[in-house]
Structures are given as C-alpha cells and as structure tokens.
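Asks: Below are the structure tokens for one structure; questions will follow.
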Amino acid sequence: MGLKVAPRRNVLSAINNGGAEAAPVVEFSGREDVERLLAEKMKGKSKNDFKGRVEQMSDYIKKLRACIRWYMELEDGYLAEQEKLRGTLDAENSRHTQLEAQLSNAIEELKAANLDLTRRCENLEETLSREKSEKLIAAESYEKEMQERELAESSRDLLTVDLERVTHDAKRFSEQLKMVQDTNKRLQEYNTSLQQYNSNLQADASKSGETISKLQKEKSAMMETMAALRECNNSMSSQLESSRASQQEAIRVKEELRKEVECFRAELKQARDDRDHSVAQLNNLNIELANCKEQIGRSSKECESMSTKVSALEETCNTQQDQIQTLQKQLAVATEKLKLADVTAIEAMTGYEEQKEKIKYLEERLAHAESQIVEGDELRKKLHNTILELKGNIRVFCRVRPLLRFHGDSNGLEGASISFPTSVESAGRAIDLMNQGQKLSFSYDKVFDHNASQEDVFVEISQLVQSALDGYKVCIFAYGQTGSGKTYTMMGRPGNDQKGMIPRSLEQIFKTSQSLESQGWEYFMQASMLEIYNESIRDLLAPGRPNSFDMSASKQYTIKHDPHGNTTVSDLTIIDVFSIADVTNLLEKASHSRSVGKTQMNEQSSRSHFVFTLKISGSNKNTGQHVEGILNLIDLAGSERLAKSSSTGDRLKETQSINKSLSALSDVIFAIAKGDDHVPFRNSKLTYLLQPCLGGDSKALMFVNISPEASSVGETICSLRFASRVNACEIGIPRRRTSTSI
C-alpha cells in the first residue's frame, strides 16, 4: 500500500516555521507525556485576561506542535522500519524462490541420476544373468566331463586287469594321474580364489545397500554352484583314492595278470586307442575350462568396475542427499524468518494505524487550536492597536548623538550641559539641558542617551512596525538639525550592530511574514524610494538615474489620493520585493542616488527628504481575511539656521526649501491636533505625500535627533521645543499628559 509522506513533511516544515519564535523546548518521552499535555487545562487570572489566555494558548499550541513533531518523527521511524522489513521480506522471498529453483534443479538432477543408476543396475542384472547362463552352461559341460571321466574311470577299472601286462605303460598312466591331480589342485586354487572373490563381493554388497541386494542373491546362487563344484571335486578325489586303491590291488595281482598280458595285447591296443581318444577329450575339456576361467575373470573385472561405479554413485547420492537436507534446513529457517517478518510487519502496521489515529486526533486538536489562534490573533491585533492608541497615534522619541572626536570645541556631555533624570517617573523619558544658567526640562515617550545602541532603539519601535503587517498605515520619520545622526538612526552603517531602523524594520517584517505562513497568511510586498529636493520629487530607483542636482531633465511626478486613503505617485518606480536581500540592494542603489552636499555644519549633509515606502498586502486562504498596510520610513533633511550655516546660492535655496517643508509638517500636525476644519497638507510635497499616514487610525512616530556639542545648543533647544509641541498633541484617542518645563 502506498503511503503519502510529502504532506506530512509539509506539515512538519510548517510546524517548524510556526515554531521559529522563541519557545520553551518540550520533550516527549512517551504516551504519558502526551496524555498529560491533552489533559492540561487553560487557566487565567480572570475571564477578561485575554493577554494571559493568548500567551497560554500560544504556549499550548507550541507544545502541541512539538508533540505532533514527535509523533511524526515516530511515524517516520516506523515507516523506515516498515520499508526495511519489506526490503528484507522481498529479499527473503527472492532467496526462497532461488532456493526452490535450486532444490527443483537438484531434484531433477537426482531423478536423472536415479534413472541412470536404475539403467545401469538393469544392465548389471542383464550382464549377471548372461554370466549366470554361461556359468550354467559351463556347469553342464563340467557335468558332462565328469560323466565322461566316470566312463573313463570305469574303463580304467576294466583295464586294471591288464596293468600287469602293460607295466611299461603303468608309469604313463601314473603321470596322467598326476596331471589330473595337478588339475584338481588348480581347481581347488580356483575355488579358493572364487571364495575370496565372493567374500570381497559380499563386503562390497554390504556397503552397497538395497541396490546391491540383487547382486548378493546372485552371488549366493554362485556360491551354491561353487558348492556343487566342490562336491563334484570331492567325488572326483574319492574316485581318485578308489583308483589308487584299485591300482595297489592291481599291483598285487600284477603277477597274476602278467600271464594274461599276452592275451590282452590286442585289447590293449584297442584300449590305447580309447585312451588317446579320452586324452584328446580331456585336453578339449581343459581348453574349455581355461576359456571359462577367462570369462569368469573378465566378468569379475566387470563386476569390480561396476561395484566401483556403484560406490561412486552411492557417494554422490549421499552427498546430494546431505545437500538436500541442508537446503531443507535452510528453507525451514528462511520460512521461520519469513513468519517472524510477517508477524513483525503486522505489529508494525498495527502500531502505524494506532499512531495514525493519534495523529488524526492531534490534527483535529491542532485545527481547533489554530482556529483559536486565529481568534486570538484578531484579539491580539485589536489589543495591540488599542495599546498603541493609548500610547498615542503620534509618538515622539528623542535620541542624543555621541560626541565626535574631531569636535574639539566641546568638553564632553558636561560641556554640552545635557543630563538625564534618574527618578522613577522620569527615567528613560526625560532630558535636561542647561543654557546660560537656566535648566530646561523636556519629557517624551522615550529618550535614548548617547550610549543607546541601534538594537535598543529598534526594540521600542518594533510594535509599531508590527502594526503595518496588521493592516495599518505607519509613518516613522527622523527630525533634527543637520549632523545630529538622523541618517545613522534610519539607515545605519554596514555591520549587524550598526544597521538602522529601516533595515531592521524590513528584517522584522519579512521574518514575521514567513512565520505567519504556517497559519495560512501570504504576503505580497512592493517597495518604492523617492526624495523631495527643493519641493520636487525624484525617483531614486529610476533606471539610469544620474547623481546630479540638475532638475531640467527630471520628470514631473504627481501625487494622487483615492477615496480609500491610498496614495500613488505617477511614473514612480515600484519594485516587488520577496526577501531582505532585495530591499538591501534597493537601499544601496538609492543611497548612491540621493542628493547630499557640504555645509559649514556637516561635511555630508542630506539635502533632501528621503522617503521609503513599503506596501504590504496580506491574505489568509484559511480564514479569507485580507489586510493592506503601508510602512513609510523617512529620513528628513537636516534643519539649520541660515545665519549659522552661511549658505549661499544653491545651498541657500536648499536650506530655505528644507525649513519650509519642515515648518509645513509642524503646521499639519498642530492643525490635526487642534481639530481644525482645514489641514494644510498641500503647503508642502512632503505633507501631501504623507497625508494618509498623519490622520485617522494611522500610526506616526517622530525621532528628534540632537547634537551634544555646546556649539549646537541653540539648534538643540529649537528641535526639543518642536518635539515637545508635537508630543503634547492629542490625535485620535487622548493619552497621558506630558510635562515640559521651559
């Protein structure tokens, strides 16, 4: 059965992305931990403690994600083990089929060998039957010879009467008897050799088993034949003894017969002829006996060769039988392993089904928790917006630049007479300035001293950046005299510790948008960058834009607002961005195109207002929600007094334009705070561009940057007083009171 693993990996990657935020690590070691997690109940201080409930719910969801991750890892382990068992099972099956094929081949070979052996045994039986028939024929001829020999002996008995007459032939007759005795001895030796051969055959037959049993029967028949031959031989020896006795008796009567020799000479001649005939027959019989011996020797050699072949075949059969038994044992072991593998696979499948049910239950719990997360996220957005509204829709932060080494006209912060109150109420929110013996105190939403890092500053504005992702219009701008650190605050310098508010805000937006993908959110972002120089708009991302102050060849850009509060600039370059790297490249390109110049107050003074706009469009495919937010990050040109900057020509025109636009910005803020019917947005390109971000439910934050040098105390007081007026404005929901002692 096919298992779809890809969706589970997507869920696991979504859980990992969703748990990218800092969260306590939850370890699961067994089912008890899971049941303990499922039995956990939400506790809150009160029914209206939404923040506590949201935190508890987020912690509970993180634990659930960790639990699901643990279950999915277990499931992946089970799947891997199952695949391994399946591979082992397939290997055992293939091995089993190979063993069956080998066994079938071996059985076929054994059957062929058995047929060959049966054929050879049949041939041996035929050969033995032929030898048996030949032996019977030889026995019959031997019996005939014995009969003839008996006839010769009977004639010899008749001739014993004539022995006295033929004494000169007695010796020849005795020699013939010796020859017969020699023949008998050879027959006895042959009989002993046959007995030895029979004993060898019996030993070989005992080793051969059932197949040689037939040969043993035939050998027993041969033994009977040999016994008959022995009986015949015994009878011949007894006849020989009787002939000897008769010979002795003939010698005794030799004298008596000598007289009758003469009369028997004629008969002796006839007896000689008969004797010659008998000798010829005896020679023929000896020749036939020699032929029989040769045939018996050949048959014995053939029997020995056949017994050798039979023994070799028996050894081969025994070896193959051992191999068959070994293969059968291996087959039995493989069958047992296969059974164990089947049992293990069944257990694994049972465990997998149980884990699948648990995962299904957890997925249902996760879906319910995710729905609660969506509701909690909506509540978080409302609470977050309420908190920001309580803090004020226009907030003011003050930042003091550290002393620069090349400024030799001041003696540190003491020389500039800037101090920071340490009381509980004013710590981190107030700044004191001594001017001509008079102490001036200012209070803002937040005050950063010269030791504050870029990270410390960004922590305070990170919630405002989050509002842009929630679908609000957010505007953050830096205000102050030239050389007070506005560009450093907004843009920063290369290096992680030196990055400004713009790069850090964009990093947070992209990181948060990626973490929200697990909840079904998809964000589409567009970036644009422009500068307002001498009340003219310049596109910093326009292709082939020269770094020049000549405005003759520049385009005329028009600012338009639609009824929904969206702002567009005609012919402005808008680029889709998908990562922080894309925005970094755009910021680097814009920094090379921005208008800067040298004044008596700053070697590298920004002579224009830099506006970075990020349009954020988000949609949730699960809930159908859609949000559109705008983040404006602005580095305003430095304010400076004409008497002190001594600007002339183009620099004078730039200074006048900068101061006019900054004055228009303050007029707009004060008009909105007072609730005037007419707000002078059109008095400046900057205020008209930021019109949607300075009213309604929009969020605005102003950084007032000041220089600590004693020579800049006049500009510092002007900046702080302007910031105090902005801080005292109430736009949207009224907020806390701020105190300013001048």
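To be explicit about the labels: the chains of the structure tokens are called A, B, and onward in the order shown, and within each one the residues are counted from 1, while ligands get numbers from 1 in the order they are shown.
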I'd like the contact shell of Ala671 of chain A - 12 Å cut-off, only C-alpha atoms, skipping same-chain residues fewer than 2 positions apart - returned as JSON, numbers by chain.
Replies: {"A": [664, 665, 666, 667, 668, 669, 673, 674, 675, 676, 677, 678, 679, 680, 681, 694, 695, 725, 726, 729, 730, 731]}
Asks: Okay, now the selection with N, CA, C and O atoms, as a short mmCIF file (atom, residue, chain, number, x, y, z; two decimals), in the first residue's frame?
Replies:
```
data_model
loop_
_atom_site.label_atom_id
_atom_site.label_comp_id
_atom_site.auth_asym_id
_atom_site.auth_seq_id
_atom_site.Cartn_x
_atom_site.Cartn_y
_atom_site.Cartn_z
N ALA A 664 5.92 73.31 7.36
CA ALA A 664 4.62 72.83 6.90
C ALA A 664 4.23 71.55 7.61
O ALA A 664 3.05 71.33 7.94
N LEU A 665 5.21 70.68 7.90
CA LEU A 665 4.94 69.45 8.63
C LEU A 665 4.42 69.76 10.03
O LEU A 665 3.45 69.14 10.51
N SER A 666 5.07 70.73 10.71
CA SER A 666 4.60 71.10 12.06
C SER A 666 3.21 71.73 12.00
O SER A 666 2.37 71.47 12.87
N ASP A 667 2.93 72.54 10.98
CA ASP A 667 1.60 73.14 10.86
C ASP A 667 0.53 72.07 10.69
O ASP A 667 -0.56 72.16 11.28
N VAL A 668 0.81 71.06 9.88
CA VAL A 668 -0.15 69.98 9.66
C VAL A 668 -0.41 69.23 10.96
O VAL A 668 -1.57 68.93 11.32
N ILE A 669 0.65 68.89 11.69
CA ILE A 669 0.49 68.14 12.94
C ILE A 669 -0.33 68.95 13.94
O ILE A 669 -1.25 68.44 14.60
N ALA A 673 -4.03 68.13 15.49
CA ALA A 673 -4.21 68.02 16.94
C ALA A 673 -5.32 68.94 17.43
O ALA A 673 -6.09 68.58 18.34
N LYS A 674 -5.42 70.14 16.86
CA LYS A 674 -6.46 71.08 17.29
C LYS A 674 -7.82 70.76 16.69
O LYS A 674 -8.84 71.31 17.12
N GLY A 675 -7.87 69.87 15.69
CA GLY A 675 -9.14 69.52 15.07
C GLY A 675 -9.64 70.57 14.12
O GLY A 675 -10.87 70.74 13.96
N ASP A 676 -8.74 71.30 13.46
CA ASP A 676 -9.15 72.33 12.51
C ASP A 676 -9.87 71.72 11.33
O ASP A 676 -9.60 70.58 10.91
N ASP A 677 -10.81 72.51 10.78
CA ASP A 677 -11.53 72.04 9.59
C ASP A 677 -10.60 71.93 8.39
O ASP A 677 -10.79 71.05 7.54
N HIS A 678 -9.66 72.83 8.29
CA HIS A 678 -8.72 72.81 7.17
C HIS A 678 -7.33 72.44 7.69
O HIS A 678 -6.79 73.10 8.58
N VAL A 679 -6.79 71.39 7.11
CA VAL A 679 -5.43 70.97 7.43
C VAL A 679 -4.57 71.25 6.21
O VAL A 679 -4.86 70.75 5.11
N PRO A 680 -3.52 72.06 6.33
CA PRO A 680 -2.74 72.50 5.16
C PRO A 680 -1.79 71.42 4.64
O PRO A 680 -0.56 71.58 4.68
N PHE A 681 -2.34 70.31 4.16
CA PHE A 681 -1.49 69.25 3.60
C PHE A 681 -0.78 69.70 2.33
O PHE A 681 0.35 69.29 2.05
N LEU A 694 -0.97 60.58 8.45
CA LEU A 694 -0.95 61.55 9.55
C LEU A 694 -2.33 61.78 10.14
O LEU A 694 -2.51 62.70 10.95
N GLY A 695 -3.33 61.00 9.77
CA GLY A 695 -4.67 61.18 10.30
C GLY A 695 -5.39 59.86 10.44
O GLY A 695 -4.89 58.79 10.06
N ARG A 725 6.12 70.21 21.42
CA ARG A 725 4.81 70.63 20.91
C ARG A 725 4.10 69.46 20.21
O ARG A 725 2.90 69.27 20.38
N VAL A 726 4.87 68.69 19.44
CA VAL A 726 4.28 67.51 18.78
C VAL A 726 3.85 66.50 19.82
O VAL A 726 2.79 65.86 19.73
N CYS A 729 0.48 67.07 21.42
CA CYS A 729 -0.72 66.96 20.59
C CYS A 729 -1.47 65.68 20.92
O CYS A 729 -0.87 64.63 21.21
N GLU A 730 -2.78 65.73 20.83
CA GLU A 730 -3.64 64.57 21.04
C GLU A 730 -4.36 64.28 19.74
O GLU A 730 -5.30 64.98 19.36
N ILE A 731 -3.90 63.23 19.05
CA ILE A 731 -4.50 62.82 17.78
C ILE A 731 -5.10 61.45 18.00
O ILE A 731 -4.41 60.52 18.44
#
```
Asks: So what do you get for atom CA of Lys499 of chain A versus atom CA of Ile461 of chain A, distance-wise?
Replies: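 One can read the atom CA of Lys499 of chain A to atom CA of Ile461 of chain A distance as 14.3 Å.
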Asks: Which of these residues is nearest to Val374 of chain A, using only C-alpha atoms: A:Val583, A:Asp182, A:Leu464, A:Leu516?
Replies: A:Leu516
Asks: Could you pull the residues within 9 Å of Leu327 of chain A, counting only C-alpha atoms, minus those fewer than 5 positions along the same chain, as number ranges by chain?
Replies: A: 99, 102-103, 322, 332
Asks: I need the residue nearest Ile107 of chain A from this list: A:Ala527, A:Ile324, A:Ala542, A:Ala728. Use only C-alpha atoms for the distance.
Replies: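 Among the listed residues, the smallest separation from Ile107 of chain A belongs to A:Ile324.
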Asks: Which residue gives the smallest distance to Glu354 of chain A among A:Leu151, A:Glu131, A:Ile537, A:Leu74, with only C-alpha atoms counted?
Replies: A:Leu74
Asks: Within 9 Å of Ala369 of chain A, counting only C-alpha atoms, which residues qualify if same-chain residues fewer than 2 places away don't, as a PyMOL selection string?
Replies: chain A and resi 57+60-61+64+364-367+371-374
Asks: Nearest to Lys486 of chain A: which of A:Asp635, A:Glu143, A:Asp33, A:Glu315 is it, counting only C-alpha atoms?
Replies: A:Asp635
Asks: So, with only C-alpha atoms as the atoms that count, which of A:Asn286, A:Ser311, A:Thr192, A:Thr567 lies closest to Leu690 of chain A?
Replies: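 Comparing A:Asn286, A:Ser311, A:Thr192, A:Thr567 against Leu690 of chain A, the winner is A:Thr567.
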